[in-house]
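Below you'll find the structure, written out as structure tokens, and then a few comments.
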Amino acid sequence: DFDNADYNLAYEKYKERFANAGDFNFYFVGNFDEAKLREFSKQYLASLPSSEVREDIKDLGFRSLSGSHEKIVKKGTEPKSNVLIQYRGETKYNAKDDHMLQSLGEILTIKLIEKLREEEAGVYGVGARGGLNQLPYGSFNFTISFPCGPENVEKLKEAALAQVQEIIENGPTEEDVEKVKQAQLLDYKENLKKNTYWIRALKDADYSKSDKSKVLGKTKEIGNITVESIQAVANKYLTKGYILAILYPENQE
């Protein structure tokens, strides 16, 4: 595919994307002299090529696969497999659900490590993560993935799905909810000291047209994580089927 790539076209697209800096957003965070920043911006940013053209995100109607599907791939000769379980689909964006689905991923990761790695001794690493997207259309995505030996695929897949079902039916434990809340609070307090966090937070707020002041309101959001809220989001998003993808070696029966 790389041999067939049109490098002249790639360069033309590169020039096209950088031809109109008037449609760019620039973010500056940290300890700087505001007067100097204004001076440098006039000198170096205001002189960039620009026009009156402004672009916006468009939903062109493309949609990812959703519902229940299975994909088996046999590639490579190493005696190892990879398992991917993915829940996805369209939904109206909701900031609270986004946070709760992310938190569900953190809680489920704790349970999967306990079950698949420590009890079953079947994987070195396993994780779950999820969230909602607002653009170009409202959607959710929740993924469980892990590598393992080909002989353990079925056993570990069922063990992972059983952990999901446990949360759907009974919710997480208070202990696991508290672990995640404390971890999020610690991360948040540390992130507030980092320029990279502020850059990302400001960019994301502009991108989603949300209130920038809420960057300082995460402590309250974290406090709203409960057994009930996690169980509710699991029932809302993880009960509509899942996509199962498994990588096996080429010679696997």
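Note on naming: chains are A, B, ... as they come in the structure tokens, residues start from 1 per chain, ligands start from 1 in the order shown.
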Item checked: Long-range neighbours of A:Glu221 as a list in words, 12 Å cut-off, only C-alpha atoms, 6 positions minimum in chain ->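 Skipping anything fewer than 6 positions along the chain leaves Ala95, Lys96, Asp97, Asp98, His99, Met100, Ser103, Lys181, Gln184, Leu185, Tyr188, Lys214, Val215 and Ser229 of chain A.
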Go ahead and save the picked residues with C-alpha atoms, as a PDB file, in the first residue's frame.
```pdb
ATOM      1  CA  ALA A  95     -21.165  14.375  29.546  1.00  0.00           C
ATOM      2  CA  LYS A  96     -22.204  12.454  32.665  1.00  0.00           C
ATOM      3  CA  ASP A  97     -22.570   9.179  30.744  1.00  0.00           C
ATOM      4  CA  ASP A  98     -19.196   9.826  29.124  1.00  0.00           C
ATOM      5  CA  HIS A  99     -17.534  10.109  32.531  1.00  0.00           C
ATOM      6  CA  MET A 100     -19.401   7.119  33.981  1.00  0.00           C
ATOM      7  CA  SER A 103     -15.109   5.067  35.106  1.00  0.00           C
ATOM      8  CA  LYS A 181     -12.719   7.688  42.807  1.00  0.00           C
ATOM      9  CA  GLN A 184      -9.268   9.907  39.676  1.00  0.00           C
ATOM     10  CA  LEU A 185      -9.017  12.571  42.401  1.00  0.00           C
ATOM     11  CA  TYR A 188      -6.921  15.294  38.668  1.00  0.00           C
ATOM     12  CA  LYS A 214     -16.002  23.120  34.029  1.00  0.00           C
ATOM     13  CA  VAL A 215     -12.330  22.189  33.794  1.00  0.00           C
ATOM     14  CA  SER A 229     -24.547   5.186  38.377  1.00  0.00           C
TER      15      SER A 229
END
```
Item checked: All residues 10 Å or closer to A:Thr77, only C-alpha atoms, same chain fewer than 4 positions away omitted, as a count of residues only -> 5
Item checked: Residue contacts of stretch 118-128 of chain A (9 Å, only C-alpha atoms) excluding same-chain residues fewer than 6 positions away, as a PyMOL selection string -> chain A and resi 102+104-110+112+142-149+152+156
So that I can check the secondary structure, give me every residue of stretch 15-155 of chain A assigned strand (DSSP E) by backbone DSSP, as a short mmCIF file (atom, residue, chain, number, x, y, z; two decimals) with N, CA, C and O atoms, in the first residue's frame.
```cif
data_model
loop_
_atom_site.label_atom_id
_atom_site.label_comp_id
_atom_site.auth_asym_id
_atom_site.auth_seq_id
_atom_site.Cartn_x
_atom_site.Cartn_y
_atom_site.Cartn_z
N HIS A 69 -21.38 -9.14 16.27
CA HIS A 69 -20.64 -9.66 15.12
C HIS A 69 -19.42 -10.41 15.64
O HIS A 69 -18.94 -10.16 16.74
N GLU A 70 -18.89 -11.34 14.82
CA GLU A 70 -17.70 -12.08 15.19
C GLU A 70 -16.73 -12.11 14.01
O GLU A 70 -17.14 -12.33 12.88
N LYS A 71 -15.46 -11.85 14.31
CA LYS A 71 -14.43 -11.85 13.28
C LYS A 71 -13.23 -12.66 13.76
O LYS A 71 -12.64 -12.33 14.80
N ILE A 72 -12.89 -13.72 13.04
CA ILE A 72 -11.73 -14.54 13.38
C ILE A 72 -10.65 -14.30 12.33
O ILE A 72 -10.90 -14.44 11.13
N VAL A 73 -9.45 -13.96 12.76
CA VAL A 73 -8.33 -13.72 11.85
C VAL A 73 -7.20 -14.69 12.21
O VAL A 73 -6.85 -14.82 13.38
N LYS A 74 -6.64 -15.35 11.20
CA LYS A 74 -5.51 -16.25 11.41
C LYS A 74 -4.30 -15.71 10.66
O LYS A 74 -4.23 -15.79 9.44
N SER A 81 -2.45 -15.26 20.82
CA SER A 81 -3.71 -14.71 20.31
C SER A 81 -3.97 -13.35 20.92
O SER A 81 -3.39 -12.98 21.95
N ASN A 82 -4.85 -12.60 20.29
CA ASN A 82 -5.36 -11.34 20.83
C ASN A 82 -6.88 -11.39 20.78
O ASN A 82 -7.45 -11.83 19.78
N VAL A 83 -7.51 -10.91 21.84
CA VAL A 83 -8.96 -10.91 21.93
C VAL A 83 -9.45 -9.47 22.10
O VAL A 83 -8.92 -8.72 22.93
N LEU A 84 -10.43 -9.10 21.31
CA LEU A 84 -11.04 -7.77 21.37
C LEU A 84 -12.55 -7.93 21.48
O LEU A 84 -13.18 -8.57 20.64
N ILE A 85 -13.13 -7.37 22.54
CA ILE A 85 -14.58 -7.34 22.73
C ILE A 85 -14.99 -5.88 22.73
O ILE A 85 -14.53 -5.11 23.57
N GLN A 86 -15.84 -5.51 21.79
CA GLN A 86 -16.16 -4.09 21.63
C GLN A 86 -17.67 -3.86 21.53
O GLN A 86 -18.36 -4.48 20.74
N TYR A 87 -18.14 -2.93 22.36
CA TYR A 87 -19.53 -2.47 22.33
C TYR A 87 -19.52 -1.07 21.73
O TYR A 87 -18.77 -0.19 22.18
N ARG A 88 -20.34 -0.85 20.72
CA ARG A 88 -20.35 0.48 20.10
C ARG A 88 -21.68 0.74 19.41
O ARG A 88 -22.40 -0.19 19.04
N GLY A 89 -22.00 2.02 19.23
CA GLY A 89 -23.24 2.37 18.56
C GLY A 89 -23.50 3.86 18.66
O GLY A 89 -22.72 4.62 19.25
N GLU A 90 -24.59 4.29 18.11
CA GLU A 90 -24.98 5.70 18.15
C GLU A 90 -25.74 6.00 19.44
O GLU A 90 -26.48 5.16 19.95
N GLY A 127 -7.23 -4.91 29.83
CA GLY A 127 -7.79 -3.61 30.16
C GLY A 127 -9.14 -3.38 29.50
O GLY A 127 -9.50 -4.05 28.52
N ALA A 128 -9.87 -2.45 30.07
CA ALA A 128 -11.16 -2.03 29.52
C ALA A 128 -11.19 -0.51 29.53
O ALA A 128 -10.69 0.12 30.46
N ARG A 129 -11.77 0.05 28.51
CA ARG A 129 -11.90 1.52 28.46
C ARG A 129 -13.09 1.88 27.59
O ARG A 129 -13.47 1.13 26.69
N GLY A 130 -13.66 3.03 27.87
CA GLY A 130 -14.81 3.44 27.08
C GLY A 130 -15.12 4.91 27.24
O GLY A 130 -14.46 5.63 27.99
N GLY A 131 -16.14 5.35 26.52
CA GLY A 131 -16.54 6.74 26.59
C GLY A 131 -17.51 7.06 25.47
O GLY A 131 -17.84 6.21 24.64
N LEU A 132 -17.95 8.31 25.45
CA LEU A 132 -18.86 8.79 24.41
C LEU A 132 -18.15 9.81 23.54
O LEU A 132 -17.26 10.54 24.02
N ASN A 133 -18.51 9.87 22.28
CA ASN A 133 -18.01 10.87 21.35
C ASN A 133 -19.16 11.79 20.93
O ASN A 133 -20.29 11.34 20.75
N SER A 139 -21.95 9.04 19.70
CA SER A 139 -21.69 7.60 19.68
C SER A 139 -21.03 7.18 20.99
O SER A 139 -20.49 8.01 21.73
N PHE A 140 -21.08 5.88 21.27
CA PHE A 140 -20.39 5.32 22.43
C PHE A 140 -19.48 4.20 21.97
O PHE A 140 -19.70 3.58 20.93
N ASN A 141 -18.46 3.94 22.78
CA ASN A 141 -17.48 2.90 22.46
C ASN A 141 -16.94 2.35 23.76
O ASN A 141 -16.50 3.11 24.62
N PHE A 142 -16.98 1.03 23.92
CA PHE A 142 -16.42 0.40 25.11
C PHE A 142 -15.67 -0.85 24.68
O PHE A 142 -16.23 -1.71 23.98
N THR A 143 -14.41 -0.96 25.08
CA THR A 143 -13.54 -2.02 24.57
C THR A 143 -12.85 -2.78 25.70
O THR A 143 -12.34 -2.17 26.64
N ILE A 144 -12.85 -4.10 25.58
CA ILE A 144 -12.06 -4.98 26.45
C ILE A 144 -11.06 -5.69 25.54
O ILE A 144 -11.44 -6.22 24.50
N SER A 145 -9.78 -5.70 25.91
CA SER A 145 -8.79 -6.36 25.05
C SER A 145 -7.71 -7.00 25.90
O SER A 145 -7.36 -6.50 26.98
N PHE A 146 -7.19 -8.13 25.40
CA PHE A 146 -6.09 -8.80 26.09
C PHE A 146 -5.42 -9.81 25.15
O PHE A 146 -6.06 -10.38 24.28
N PRO A 147 -4.10 -10.01 25.33
CA PRO A 147 -3.39 -11.09 24.63
C PRO A 147 -3.39 -12.34 25.49
O PRO A 147 -3.45 -12.24 26.73
N CYS A 148 -3.32 -13.49 24.88
CA CYS A 148 -3.27 -14.74 25.64
C CYS A 148 -2.82 -15.88 24.73
O CYS A 148 -2.70 -15.70 23.51
#
```
Notebook entry, point to check: So, counting only C-alpha atoms, which residue among A:Arg200, A:Lys236, A:Lys155, A:Pro49 is closest to A:Glu169?
Noted result: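 Counting only C-alpha atoms, the residue closest to A:Glu169 is A:Lys236.
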Margin query: Nearest residue to A:Leu45 out of A:Ala21, A:Val29, A:Leu116, A:Val233, using only C-alpha atoms?
Written below: A:Ala21
Next item on the list: Compare A:Gln134, A:Asn8, A:Ser41, A:Ser50 by their minimum atom-to-atom distance to A:Asn20, counting only C-alpha atoms, and give me the closest one.
Entry: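 So, comparing all the options, the nearest one is A:Ser50.
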Item checked: Shell of 12 Å around A:Gly22, only C-alpha atoms, local chain residues under 6 positions omitted, as a list in words -> Leu45, Ala46, Ser47, Leu48, Pro49, Ser50, Ser51, Glu52, Val53, Arg54 and Glu55 of chain A
Note to self: Using only C-alpha atoms for the distances, tell me which of A:Tyr11, A:Glu16, A:Phe24, A:Ala159 is nearest to A:Arg117.
What the structure shows: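 Comparing A:Tyr11, A:Glu16, A:Phe24, A:Ala159 against A:Arg117, the winner is A:Ala159.
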Residue neighbourhood A:Gln165, 10 Å, only C-alpha atoms, exclusion window fewer than 5 positions, as a JSON list (two decimals) with N, CA, C and O atoms, in the first residue's frame:
```json
[["chain", "number", "residue", "atom", "x", "y", "z"],
["A", 159, "ALA", "N", -14.73, -15.58, 30.83],
["A", 159, "ALA", "CA", -14.47, -14.99, 32.15],
["A", 159, "ALA", "C", -14.63, -13.47, 32.09],
["A", 159, "ALA", "O", -15.19, -12.86, 33.01],
["A", 160, "ALA", "N", -14.16, -12.85, 31.00],
["A", 160, "ALA", "CA", -14.29, -11.40, 30.84],
["A", 160, "ALA", "C", -15.76, -11.00, 30.71],
["A", 160, "ALA", "O", -16.22, -10.05, 31.35],
["A", 170, "ASN", "N", -25.57, -6.71, 39.09],
["A", 170, "ASN", "CA", -25.43, -6.38, 40.51],
["A", 170, "ASN", "C", -24.67, -5.09, 40.79],
["A", 170, "ASN", "O", -24.61, -4.65, 41.94],
["A", 171, "GLY", "N", -24.09, -4.51, 39.75],
["A", 171, "GLY", "CA", -23.28, -3.31, 39.97],
["A", 171, "GLY", "C", -21.90, -3.66, 40.50],
["A", 171, "GLY", "O", -21.64, -4.81, 40.89],
["A", 234, "ALA", "N", -23.76, 0.68, 32.61],
["A", 234, "ALA", "CA", -23.49, -0.65, 32.06],
["A", 234, "ALA", "C", -24.73, -1.22, 31.40],
["A", 234, "ALA", "O", -24.67, -1.79, 30.30],
["A", 235, "ASN", "N", -25.87, -1.06, 32.03],
["A", 235, "ASN", "CA", -27.13, -1.54, 31.46],
["A", 235, "ASN", "C", -27.52, -0.76, 30.20],
["A", 235, "ASN", "O", -28.10, -1.33, 29.27],
["A", 238, "LEU", "N", -24.01, -1.65, 27.52],
["A", 238, "LEU", "CA", -23.36, -2.95, 27.34],
["A", 238, "LEU", "C", -24.36, -4.10, 27.23],
["A", 238, "LEU", "O", -24.01, -5.25, 27.51],
["A", 239, "THR", "N", -25.56, -3.80, 26.83],
["A", 239, "THR", "CA", -26.58, -4.85, 26.70],
["A", 239, "THR", "C", -27.16, -4.93, 25.28],
["A", 239, "THR", "O", -28.20, -5.54, 25.07]]
```
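Picture a line from atom CA of A:Ile199 to atom CA of A:Tyr27; it runs 6.5 Å.
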